[in-house]
file input-v2.cif (mmCIF, C-alpha atoms, pLDDT in the B column; chains and numbers go by the auth columns)
data_my_file
loop_
_atom_site.group_PDB
_atom_site.id
_atom_site.type_symbol
_atom_site.label_atom_id
_atom_site.label_comp_id
_atom_site.label_asym_id
_atom_site.label_seq_id
_atom_site.Cartn_x
_atom_site.Cartn_y
_atom_site.Cartn_z
_atom_site.B_iso_or_equiv
_atom_site.auth_seq_id
_atom_site.auth_asym_id
ATOM 1 C CA MET A 1 139.413 -51.124 26.424 63.00 4 A
ATOM 2 C CA TYR A 2 140.887 -48.162 24.564 63.00 5 A
ATOM 3 C CA VAL A 3 142.039 -50.418 21.707 67.00 6 A
ATOM 4 C CA VAL A 4 138.582 -51.968 21.364 69.00 7 A
ATOM 5 C CA ALA A 5 136.969 -48.531 21.216 71.00 8 A
ATOM 6 C CA LEU A 6 139.485 -47.387 18.617 68.00 9 A
ATOM 7 C CA THR A 7 138.921 -50.509 16.494 73.00 10 A
ATOM 8 C CA LEU A 8 135.145 -50.074 16.662 72.00 11 A
ATOM 9 C CA SER A 9 135.501 -46.420 15.641 73.00 12 A
ATOM 10 C CA CYS A 10 137.626 -47.394 12.642 65.00 13 A
ATOM 11 C CA LEU A 11 135.124 -50.074 11.600 72.00 14 A
ATOM 12 C CA PHE A 12 132.285 -47.567 11.909 69.00 15 A
ATOM 13 C CA LEU A 13 134.128 -45.026 9.762 71.00 16 A
ATOM 14 C CA ALA A 14 134.931 -47.682 7.130 71.00 17 A
ATOM 15 C CA LEU A 15 131.263 -48.734 7.085 67.00 18 A
ATOM 16 C CA MET A 16 130.113 -45.121 6.657 65.00 19 A
ATOM 17 C CA PHE A 17 132.588 -44.589 3.810 63.00 20 A
ATOM 18 C CA GLY A 18 131.380 -47.768 2.077 60.00 21 A
ATOM 19 C CA MET A 19 127.748 -46.679 2.395 58.00 22 A
ATOM 20 C CA PHE A 20 128.610 -43.240 1.000 54.00 23 A
ATOM 21 C CA VAL A 21 130.318 -44.700 -2.070 52.00 24 A
ATOM 22 C CA CYS A 22 127.516 -47.219 -2.697 46.00 25 A
ATOM 23 C CA SER A 23 124.806 -44.595 -2.334 49.00 26 A
ATOM 24 C CA ARG A 24 126.507 -42.361 -4.931 49.00 27 A
ATOM 25 C CA TRP A 25 126.423 -45.274 -7.396 47.00 28 A
ATOM 26 C CA LEU A 26 122.825 -46.151 -6.633 44.00 29 A
ATOM 27 C CA LEU A 27 121.633 -42.540 -6.873 44.00 30 A
ATOM 28 C CA ALA A 28 123.227 -42.271 -10.289 44.00 31 A
ATOM 29 C CA GLY A 29 120.999 -45.158 -11.409 44.00 32 A
ATOM 30 C CA GLU A 30 123.929 -47.113 -12.724 46.00 33 A
ATOM 31 C CA ILE A 31 123.190 -50.260 -14.730 49.00 34 A
ATOM 32 C CA VAL A 32 126.537 -51.887 -14.246 48.00 35 A
ATOM 33 C CA SER A 33 129.197 -50.476 -11.985 40.00 36 A
ATOM 34 C CA SER A 34 131.897 -50.603 -14.621 44.00 37 A
ATOM 35 C CA GLN A 35 132.857 -46.973 -14.089 44.00 38 A
ATOM 36 C CA ARG A 36 136.283 -46.071 -15.382 45.00 39 A
ATOM 37 C CA ARG A 37 137.990 -49.405 -15.445 46.00 40 A
ATOM 38 C CA GLU A 38 141.442 -48.032 -15.820 44.00 41 A
ATOM 39 C CA LYS A 39 144.575 -49.864 -16.649 44.00 42 A
ATOM 40 C CA ASN A 40 147.328 -49.598 -14.078 45.00 43 A
ATOM 41 C CA ARG A 41 144.833 -48.633 -11.430 49.00 44 A
ATOM 42 C CA PRO A 42 146.705 -48.133 -8.173 46.00 45 A
ATOM 43 C CA VAL A 43 146.108 -50.408 -5.223 50.00 46 A
ATOM 44 C CA TRP A 44 144.863 -47.460 -3.170 51.00 47 A
ATOM 45 C CA GLY A 45 141.726 -47.274 -5.325 53.00 48 A
ATOM 46 C CA PHE A 46 139.899 -44.936 -2.978 51.00 49 A
ATOM 47 C CA LEU A 47 142.466 -42.207 -3.703 51.00 50 A
ATOM 48 C CA ASN A 48 141.806 -42.739 -7.404 56.00 51 A
ATOM 49 C CA TYR A 49 138.078 -42.409 -6.709 54.00 52 A
ATOM 50 C CA PHE A 50 138.547 -38.993 -5.107 54.00 53 A
ATOM 51 C CA GLU A 51 140.910 -37.888 -7.879 55.00 54 A
ATOM 52 C CA ASN A 52 138.401 -38.821 -10.630 60.00 55 A
ATOM 53 C CA ASN A 53 135.543 -37.156 -8.808 64.00 56 A
ATOM 54 C CA SER A 54 137.304 -33.986 -7.736 74.00 57 A
ATOM 55 C CA PRO A 55 135.275 -30.889 -8.687 72.00 58 A
ATOM 56 C CA ALA A 56 137.954 -29.708 -11.142 77.00 59 A
ATOM 57 C CA ASN A 57 138.081 -33.080 -12.899 77.00 60 A
ATOM 58 C CA VAL A 58 134.289 -33.305 -13.126 75.00 61 A
ATOM 59 C CA ARG A 59 134.137 -29.770 -14.564 79.00 62 A
ATOM 60 C CA ASN A 60 136.804 -30.602 -17.165 83.00 63 A
ATOM 61 C CA GLN A 61 135.019 -33.787 -18.248 83.00 64 A
ATOM 62 C CA ALA A 62 131.713 -31.969 -18.482 88.00 65 A
ATOM 63 C CA GLN A 63 133.237 -29.127 -20.476 90.00 66 A
ATOM 64 C CA SER A 64 134.870 -31.474 -22.984 89.00 67 A
ATOM 65 C CA TYR A 65 131.594 -33.385 -23.397 90.00 68 A
ATOM 66 C CA LEU A 66 129.795 -30.082 -23.999 94.00 69 A
ATOM 67 C CA LEU A 67 132.314 -29.164 -26.716 95.00 70 A
ATOM 68 C CA ARG A 68 131.596 -32.483 -28.451 94.00 71 A
ATOM 69 C CA VAL A 69 127.847 -31.885 -28.263 96.00 72 A
ATOM 70 C CA VAL A 70 128.265 -28.313 -29.546 97.00 73 A
ATOM 71 C CA ALA A 71 130.123 -29.706 -32.571 97.00 74 A
ATOM 72 C CA LEU A 72 127.550 -32.479 -33.140 96.00 75 A
ATOM 73 C CA THR A 73 124.607 -30.077 -33.030 97.00 76 A
ATOM 74 C CA ASN A 74 126.372 -27.346 -35.053 96.00 77 A
ATOM 75 C CA ALA A 75 125.746 -24.921 -32.210 97.00 78 A
ATOM 76 C CA THR A 76 127.813 -21.764 -31.855 97.00 79 A
ATOM 77 C CA ASP A 77 129.399 -20.478 -28.677 96.00 80 A
ATOM 78 C CA VAL A 78 128.410 -16.808 -28.391 96.00 81 A
ATOM 79 C CA GLY A 79 129.995 -16.150 -25.035 92.00 82 A
ATOM 80 C CA ASP A 80 126.897 -15.986 -22.871 91.00 83 A
ATOM 81 C CA GLY A 81 125.313 -19.125 -24.331 95.00 84 A
ATOM 82 C CA TYR A 82 125.081 -21.356 -27.395 97.00 85 A
ATOM 83 C CA LEU A 83 123.152 -20.514 -30.560 97.00 86 A
ATOM 84 C CA LEU A 84 121.345 -23.500 -31.974 97.00 87 A
ATOM 85 C CA ASN A 85 119.599 -23.533 -35.348 96.00 88 A
ATOM 86 C CA VAL A 86 116.939 -26.192 -35.850 95.00 89 A
ATOM 87 C CA GLY A 87 114.758 -25.850 -38.930 91.00 90 A
ATOM 88 C CA THR A 88 113.113 -22.424 -38.735 90.00 91 A
ATOM 89 C CA ASN A 89 114.016 -22.000 -35.063 92.00 92 A
ATOM 90 C CA THR A 90 117.030 -20.353 -33.499 94.00 93 A
ATOM 91 C CA PHE A 91 117.556 -20.940 -29.795 96.00 94 A
ATOM 92 C CA LEU A 92 119.981 -19.358 -27.369 96.00 95 A
ATOM 93 C CA VAL A 93 120.718 -22.070 -24.819 97.00 96 A
ATOM 94 C CA ARG A 94 122.147 -21.097 -21.438 96.00 97 A
ATOM 95 C CA ASP A 95 122.364 -22.924 -18.175 94.00 98 A
ATOM 96 C CA ARG A 96 118.793 -23.568 -16.980 93.00 99 A
ATOM 97 C CA TYR A 97 117.035 -21.407 -19.561 92.00 100 A
ATOM 98 C CA VAL A 98 116.488 -21.132 -23.300 95.00 101 A
ATOM 99 C CA THR A 99 115.465 -18.151 -25.409 95.00 102 A
ATOM 100 C CA ARG A 100 113.814 -18.610 -28.800 93.00 103 A
ATOM 101 C CA LEU A 101 115.237 -15.892 -31.028 91.00 104 A
ATOM 102 C CA ARG A 102 113.554 -16.995 -34.253 82.00 105 A
ATOM 103 C CA GLY A 103 110.603 -19.218 -35.071 74.00 106 A
ATOM 104 C CA VAL A 104 108.048 -17.804 -32.600 63.00 107 A
ATOM 105 C CA THR A 105 105.458 -17.054 -35.296 65.00 108 A
ATOM 106 C CA ASP A 106 105.047 -20.651 -36.472 62.00 109 A
ATOM 107 C CA ALA A 107 105.422 -22.223 -33.044 59.00 110 A
ATOM 108 C CA LYS A 108 102.672 -23.836 -30.966 62.00 111 A
ATOM 109 C CA SER A 109 103.113 -21.273 -28.207 65.00 112 A
ATOM 110 C CA ARG A 110 104.130 -17.620 -28.168 71.00 113 A
ATOM 111 C CA HIS A 111 106.674 -18.122 -25.435 76.00 114 A
ATOM 112 C CA GLU A 112 110.058 -16.627 -26.138 88.00 115 A
ATOM 113 C CA LYS A 113 111.806 -17.900 -23.049 91.00 116 A
ATOM 114 C CA THR A 114 111.615 -20.915 -20.827 93.00 117 A
ATOM 115 C CA CYS A 115 113.522 -22.292 -17.897 93.00 118 A
ATOM 116 C CA PHE A 116 114.533 -25.924 -17.897 94.00 119 A
ATOM 117 C CA PHE A 117 115.961 -28.210 -15.294 90.00 120 A
ATOM 118 C CA VAL A 118 117.111 -31.777 -14.987 89.00 121 A
ATOM 119 C CA PRO A 119 116.099 -33.907 -12.005 81.00 122 A
ATOM 120 C CA ASN A 120 119.728 -34.261 -10.932 78.00 123 A
ATOM 121 C CA GLN A 121 120.401 -30.752 -9.627 76.00 124 A
ATOM 122 C CA GLU A 122 124.071 -31.546 -9.002 83.00 125 A
ATOM 123 C CA MET A 123 124.794 -32.234 -12.667 88.00 126 A
ATOM 124 C CA PRO A 124 127.527 -29.852 -13.918 90.00 127 A
ATOM 125 C CA SER A 125 126.132 -26.865 -15.821 92.00 128 A
ATOM 126 C CA ALA A 126 128.042 -27.865 -18.980 93.00 129 A
ATOM 127 C CA GLU A 127 126.176 -31.186 -19.028 93.00 130 A
ATOM 128 C CA ARG A 128 122.827 -29.503 -18.411 94.00 131 A
ATOM 129 C CA ILE A 129 123.489 -27.297 -21.460 96.00 132 A
ATOM 130 C CA ALA A 130 124.640 -30.323 -23.497 96.00 133 A
ATOM 131 C CA THR A 131 121.426 -32.145 -22.564 96.00 134 A
ATOM 132 C CA ALA A 132 119.271 -29.221 -23.714 96.00 135 A
ATOM 133 C CA LEU A 133 121.238 -28.863 -26.977 97.00 136 A
ATOM 134 C CA LEU A 134 120.851 -32.550 -27.849 97.00 137 A
ATOM 135 C CA MET A 135 117.162 -32.597 -27.006 97.00 138 A
ATOM 136 C CA LEU A 136 116.270 -29.391 -28.881 97.00 139 A
ATOM 137 C CA LYS A 137 118.300 -30.414 -31.924 97.00 140 A
ATOM 138 C CA ASN A 138 116.312 -33.643 -32.150 96.00 141 A
ATOM 139 C CA ASP A 139 112.941 -32.178 -31.253 95.00 142 A
ATOM 140 C CA PRO A 140 112.576 -28.357 -31.236 94.00 143 A
ATOM 141 C CA THR A 141 108.928 -28.664 -30.145 92.00 144 A
ATOM 142 C CA LEU A 142 110.239 -29.600 -26.708 94.00 145 A
ATOM 143 C CA PHE A 143 110.795 -25.862 -26.159 93.00 146 A
ATOM 144 C CA ASP A 144 107.028 -25.254 -26.232 91.00 147 A
ATOM 145 C CA LYS A 145 106.415 -28.227 -23.955 92.00 148 A
ATOM 146 C CA TRP A 146 108.933 -26.938 -21.417 93.00 149 A
ATOM 147 C CA ALA A 147 107.377 -23.462 -21.615 91.00 150 A
ATOM 148 C CA VAL A 148 103.752 -24.557 -21.275 90.00 151 A
ATOM 149 C CA LYS A 149 103.939 -27.597 -18.991 83.00 152 A
ATOM 150 C CA ASN A 150 105.606 -26.055 -15.998 79.00 153 A
ATOM 151 C CA GLY A 151 107.348 -28.663 -13.845 81.00 154 A
ATOM 152 C CA GLU A 152 106.558 -31.678 -16.063 89.00 155 A
ATOM 153 C CA SER A 153 109.511 -33.829 -17.139 93.00 156 A
ATOM 154 C CA PHE A 154 109.791 -34.680 -20.824 95.00 157 A
ATOM 155 C CA LYS A 155 111.807 -37.488 -22.326 95.00 158 A
ATOM 156 C CA ALA A 156 113.789 -36.843 -25.505 96.00 159 A
ATOM 157 C CA ASP A 157 110.954 -38.314 -27.604 95.00 160 A
ATOM 158 C CA GLY A 158 108.564 -35.691 -26.185 94.00 161 A
ATOM 159 C CA GLN A 159 106.686 -38.082 -23.894 93.00 162 A
ATOM 160 C CA ILE A 160 105.980 -37.019 -20.309 93.00 163 A
ATOM 161 C CA PHE A 161 108.008 -38.944 -17.743 92.00 164 A
ATOM 162 C CA ASN A 162 106.463 -39.414 -14.326 82.00 165 A
ATOM 163 C CA MET B 1 137.166 -52.433 -29.649 80.00 30 B
ATOM 164 C CA THR B 2 134.908 -51.454 -26.770 93.00 31 B
ATOM 165 C CA ALA B 3 131.525 -49.799 -26.982 96.00 32 B
ATOM 166 C CA LYS B 4 130.191 -47.690 -24.138 95.00 33 B
ATOM 167 C CA ILE B 5 126.821 -46.644 -22.818 96.00 34 B
ATOM 168 C CA GLN B 6 127.275 -43.434 -20.846 94.00 35 B
ATOM 169 C CA THR B 7 125.202 -40.873 -19.036 93.00 36 B
ATOM 170 C CA PHE B 8 125.651 -37.505 -17.356 89.00 37 B
ATOM 171 C CA SER B 9 125.642 -37.398 -13.580 83.00 38 B
ATOM 172 C CA SER B 10 126.769 -35.249 -10.697 78.00 39 B
ATOM 173 C CA HIS B 11 130.201 -36.845 -11.169 75.00 40 B
ATOM 174 C CA GLY B 12 130.487 -35.837 -14.828 75.00 41 B
ATOM 175 C CA ASP B 13 129.979 -38.430 -17.523 81.00 42 B
ATOM 176 C CA ARG B 14 129.633 -41.960 -16.184 88.00 43 B
ATOM 177 C CA THR B 15 130.007 -45.248 -17.996 92.00 44 B
ATOM 178 C CA LEU B 16 126.969 -47.421 -17.386 94.00 45 B
ATOM 179 C CA LEU B 17 128.013 -50.344 -19.536 95.00 46 B
ATOM 180 C CA GLU B 18 131.015 -51.424 -21.569 96.00 47 B
ATOM 181 C CA TYR B 19 130.892 -54.264 -24.077 96.00 48 B
ATOM 182 C CA ASP B 20 132.540 -55.639 -27.175 96.00 49 B
ATOM 183 C CA PRO B 21 130.157 -54.794 -30.043 95.00 50 B
ATOM 184 C CA ALA B 22 131.518 -57.642 -32.143 95.00 51 B
ATOM 185 C CA THR B 23 130.515 -60.327 -29.679 95.00 52 B
ATOM 186 C CA ALA B 24 127.970 -58.768 -27.316 96.00 53 B
ATOM 187 C CA ASP B 25 124.383 -59.967 -27.209 96.00 54 B
ATOM 188 C CA MET B 26 122.726 -56.776 -28.492 96.00 55 B
ATOM 189 C CA ASP B 27 119.304 -57.917 -27.318 96.00 56 B
ATOM 190 C CA GLU B 28 120.721 -58.041 -23.823 96.00 57 B
ATOM 191 C CA VAL B 29 122.292 -54.573 -24.239 96.00 58 B
ATOM 192 C CA ASN B 30 118.974 -53.155 -25.451 97.00 59 B
ATOM 193 C CA LYS B 31 117.139 -54.883 -22.621 96.00 60 B
ATOM 194 C CA LEU B 32 119.434 -53.157 -20.116 95.00 61 B
ATOM 195 C CA ILE B 33 118.866 -49.831 -21.864 95.00 62 B
ATOM 196 C CA SER B 34 115.093 -50.327 -21.767 96.00 63 B
ATOM 197 C CA GLY B 35 115.274 -51.104 -18.063 96.00 64 B
ATOM 198 C CA TYR B 36 117.345 -47.972 -17.442 95.00 65 B
ATOM 199 C CA GLU B 37 114.888 -45.881 -19.464 95.00 66 B
ATOM 200 C CA ALA B 38 111.947 -47.311 -17.516 95.00 67 B
ATOM 201 C CA ARG B 39 113.614 -46.343 -14.224 94.00 68 B
ATOM 202 C CA THR B 40 115.042 -42.943 -15.156 94.00 69 B
ATOM 203 C CA GLY B 41 113.332 -41.801 -18.380 95.00 70 B
ATOM 204 C CA ALA B 42 116.737 -41.458 -20.085 96.00 71 B
ATOM 205 C CA GLN B 43 116.828 -42.247 -23.812 97.00 72 B
ATOM 206 C CA PRO B 44 119.775 -43.249 -26.002 97.00 73 B
ATOM 207 C CA PHE B 45 121.597 -40.871 -28.368 97.00 74 B
ATOM 208 C CA ASP B 46 124.301 -41.900 -30.808 97.00 75 B
ATOM 209 C CA MET B 47 127.346 -39.784 -29.976 95.00 76 B
ATOM 210 C CA ALA B 48 128.702 -40.155 -33.512 96.00 77 B
ATOM 211 C CA THR B 49 125.726 -38.275 -34.983 96.00 78 B
ATOM 212 C CA GLY B 50 124.043 -36.612 -32.002 95.00 79 B
ATOM 213 C CA GLU B 51 120.744 -38.251 -32.949 96.00 80 B
ATOM 214 C CA ARG B 52 118.295 -40.079 -30.756 97.00 81 B
ATOM 215 C CA ILE B 53 118.114 -43.774 -31.525 97.00 82 B
ATOM 216 C CA GLU B 54 115.423 -46.331 -30.868 95.00 83 B
ATOM 217 C CA LYS B 55 117.770 -49.291 -30.527 95.00 84 B
ATOM 218 C CA VAL B 56 121.500 -49.698 -30.132 96.00 85 B
ATOM 219 C CA THR B 57 123.205 -51.665 -32.904 96.00 86 B
ATOM 220 C CA ARG B 58 126.736 -53.004 -33.297 96.00 87 B
ATOM 221 C CA GLU B 59 127.617 -49.910 -35.355 94.00 88 B
ATOM 222 C CA GLN B 60 127.277 -47.557 -32.384 95.00 89 B
ATOM 223 C CA ASN B 61 130.387 -47.340 -30.259 95.00 90 B
ATOM 224 C CA GLU B 62 129.301 -44.587 -27.934 96.00 91 B
ATOM 225 C CA VAL B 63 125.770 -44.058 -26.734 97.00 92 B
ATOM 226 C CA LEU B 64 124.692 -41.342 -24.324 96.00 93 B
ATOM 227 C CA MET B 65 121.605 -41.847 -22.192 96.00 94 B
ATOM 228 C CA VAL B 66 119.968 -38.417 -22.024 95.00 95 B
ATOM 229 C CA HIS B 67 117.789 -37.812 -18.980 95.00 96 B
ATOM 230 C CA PRO B 68 114.392 -36.098 -19.136 95.00 97 B
ATOM 231 C CA VAL B 69 114.210 -32.329 -18.866 94.00 98 B
ATOM 232 C CA ALA B 70 111.460 -30.383 -17.129 93.00 99 B
ATOM 233 C CA GLY B 71 110.243 -26.924 -17.968 88.00 100 B
ATOM 234 C CA GLY B 72 109.752 -24.155 -15.524 78.00 101 B
#
call {"tool": "encode", "arguments": {"input": "input-v2.cif", "output": "structure tokens"}}
result
Amino acid sequence: MYVVALTLSCLFLALMFGMFVCSRWLLAGEIVSSQRREKNRPVWGFLNYFENNSPANVRNQAQSYLLRVVALTNATDVGDGYLLNVGTNTFLVRDRYVTRLRGVTDAKSRHEKTCFFVPNQEMPSAERIATALLMLKNDPTLFDKWAVKNGESFKADGQIFN
Amino acid sequence: MTAKIQTFSSHGDRTLLEYDPATADMDEVNKLISGYEARTGAQPFDMATGERIEKVTREQNEVLMVHPVAGG
């Protein structure tokens, strides 16, 4: 009787773990679950999963991606944010908010500051900043849209996403 | 040579799709990207130039799907 109960408990735990892993993939909206196909992947793949997704590893990945985006957008790290020049605009991009330092006079709105957020609240801050840098570099008018249309989501092409 | 379609997530950057640009059916790749954009609103950026792209070609080896951003 004890053995049966123990076996059922183990099966239940394994099922819960499987559901947890699958839900993380589904929530991320993955097209194909080809995440990190590594060579020489150990047999105990679940340990590898936890290693790749440890908070420190995620932070490091996010930080290195941000550095690439900073270089691509010619932004400058000023300590408490990133200065981004786009046309006549200069933005100071920080986590969750952007300040327009230059370009207010010819802009569509007089806003100097706006908050921004991505639907995935758990995204590392470095990747939130990288997202804002890429979007503003390609379309600086997004700043005015973020400032005026409180709570509306905008795609990179400026279209509202519902 | 492998090309990658990636996105940001709560787990850091995630690879959504890997393919060989020399042999892959690019219509199929773009169809998958369109489907992902329809579901999530994310749009493709070429990570060699940092520019938004309409369609992925064989020349792009790394594409980042950038999710929508809301103001507040």
call {"tool": "residues_around", "arguments": {"input": "input-v2.cif", "residues": "segment 62-71 of chain A", "least_positions_apart": "3", "cutoff": "12 Å", "atoms": "all atoms listed in the file", "output": "MDAnalysis selection string"}}
result
(chainID A and resid 55:59 74:80 84:85 98 125:137) or (chainID B and resid 35:43 76:79 93)
call {"tool": "atom_distance", "arguments": {"input": "input-v2.cif", "atom1": "atom CA of Phe119 of chain A", "atom2": "atom CA of Thr91 of chain A"}}
result
21.2 Å
call {"tool": "resolve_selection", "arguments": {"input": "input-v2.cif", "expression": "the PyMOL selection byres ((chain B and resi 96) around 7)", "output": "ChimeraX atom specification"}}
result
/A:158 /B:69-72,94-95,97-98
call {"tool": "resolve_selection", "arguments": {"input": "input-v2.cif", "expression": "the PyMOL selection byres ((chain B and resi 75) around 10)", "output": "list in words"}}
result
Ile34, Pro73, Phe74, Met76, Ala77, Thr78, Gly79, Glu80, Arg81, Ile82, Glu83, Lys84, Val85, Glu88, Gln89, Asn90, Glu91, Val92, Leu93 and Met94 of chain B
call {"tool": "atom_distance", "arguments": {"input": "input-v2.cif", "atom1": "atom CA of Ala150 of chain A", "atom2": "atom CA of Thr117 of chain A"}}
result
5.0 Å
call {"tool": "closest_residue", "arguments": {"input": "input-v2.cif", "among": "B:Ala53, B:Thr86, B:Ile62, B:Thr31", "to": "chain A", "atoms": "only C-alpha atoms"}}
result
B:Ile62
call {"tool": "atom_distance", "arguments": {"input": "input-v2.cif", "atom1": "atom CA of Leu145 of chain A", "atom2": "atom CA of Arg97 of chain A"}}
result
15.6 Å
call {"tool": "axis_aligned_box", "arguments": {"input": "input-v2.cif", "around": "segment 150-155 of chain A", "padding_each_side": "4 Å", "output": "lines of an AutoDock Vina configuration file"}}
result
center_x = 105.6
center_y = -27.6
center_z = -17.7
size_x = 11.6
size_y = 16.2
size_z = 15.8
call {"tool": "resolve_selection", "arguments": {"input": "input-v2.cif", "expression": "the PyMOL selection byres ((chain A and resi 151) around 9)", "output": "MDAnalysis selection string"}}
result
(chainID A and resid 112 114 117 146:150 152:153) or (chainID B and resid 100:101)
call {"tool": "write_last_selection", "arguments": {"input": "input-v2.cif", "atoms": "C-alpha atoms", "output": "compact mmCIF listing (two decimals), keeping the file's coordinate frame"}}
result
# COMPACT_ATOMS: atom_id res chain seq x y z
CA SER A 112 103.11 -21.27 -28.21
CA HIS A 114 106.67 -18.12 -25.44
CA THR A 117 111.62 -20.92 -20.83
CA PHE A 146 110.80 -25.86 -26.16
CA ASP A 147 107.03 -25.25 -26.23
CA LYS A 148 106.42 -28.23 -23.96
CA TRP A 149 108.93 -26.94 -21.42
CA ALA A 150 107.38 -23.46 -21.62
CA LYS A 152 103.94 -27.60 -18.99
CA ASN A 153 105.61 -26.06 -16.00
CA GLY B 100 110.24 -26.92 -17.97
CA GLY B 101 109.75 -24.16 -15.52
call {"tool": "residues_around", "arguments": {"input": "input-v2.cif", "residues": "Asn92 of chain A", "least_positions_apart": "2", "cutoff": "9 Å", "atoms": "all atoms listed in the file", "output": "PyMOL selection string"}}
result
chain A and resi 87-90+94+103-107+110+143
call {"tool": "write_last_selection", "arguments": {"input": "input-v2.cif", "atoms": "C-alpha atoms", "output": "CSV table (one decimal), in the coordinates of the input"}}
result
chain,number,residue,atom,x,y,z
A,87,LEU,CA,121.3,-23.5,-32.0
A,88,ASN,CA,119.6,-23.5,-35.3
A,89,VAL,CA,116.9,-26.2,-35.8
A,90,GLY,CA,114.8,-25.8,-38.9
A,94,PHE,CA,117.6,-20.9,-29.8
A,103,ARG,CA,113.8,-18.6,-28.8
A,104,LEU,CA,115.2,-15.9,-31.0
A,105,ARG,CA,113.6,-17.0,-34.3
A,106,GLY,CA,110.6,-19.2,-35.1
A,107,VAL,CA,108.0,-17.8,-32.6
A,110,ALA,CA,105.4,-22.2,-33.0
A,143,PRO,CA,112.6,-28.4,-31.2
call {"tool": "closest_residue", "arguments": {"input": "input-v2.cif", "among": "A:Val72, A:Gly154, A:Gln162, A:Gln124", "to": "Asp142 of chain A", "atoms": "all atoms listed in the file"}}
result
A:Gln162
call {"tool": "residues_around", "arguments": {"input": "input-v2.cif", "residues": "Arg68 of chain B", "least_positions_apart": "3", "cutoff": "10 Å", "atoms": "all atoms listed in the file", "output": "ChimeraX atom specification"}}
result
/A:32,164-165 /B:62-65,71
call {"tool": "closest_residue", "arguments": {"input": "input-v2.cif", "among": "B:Glu66, B:Met30, B:Met55, B:Arg87", "to": "chain A", "atoms": "all atoms listed in the file"}}
result
B:Glu66
call {"tool": "closest_residue", "arguments": {"input": "input-v2.cif", "among": "A:Leu86, A:Asn141, A:Leu11, A:Thr93", "to": "chain B", "atoms": "only C-alpha atoms"}}
result
A:Asn141
call {"tool": "closest_residue", "arguments": {"input": "input-v2.cif", "among": "A:Val81, A:Ile163, A:Leu95, A:Val61", "to": "chain B", "atoms": "all atoms listed in the file"}}
result
A:Val61
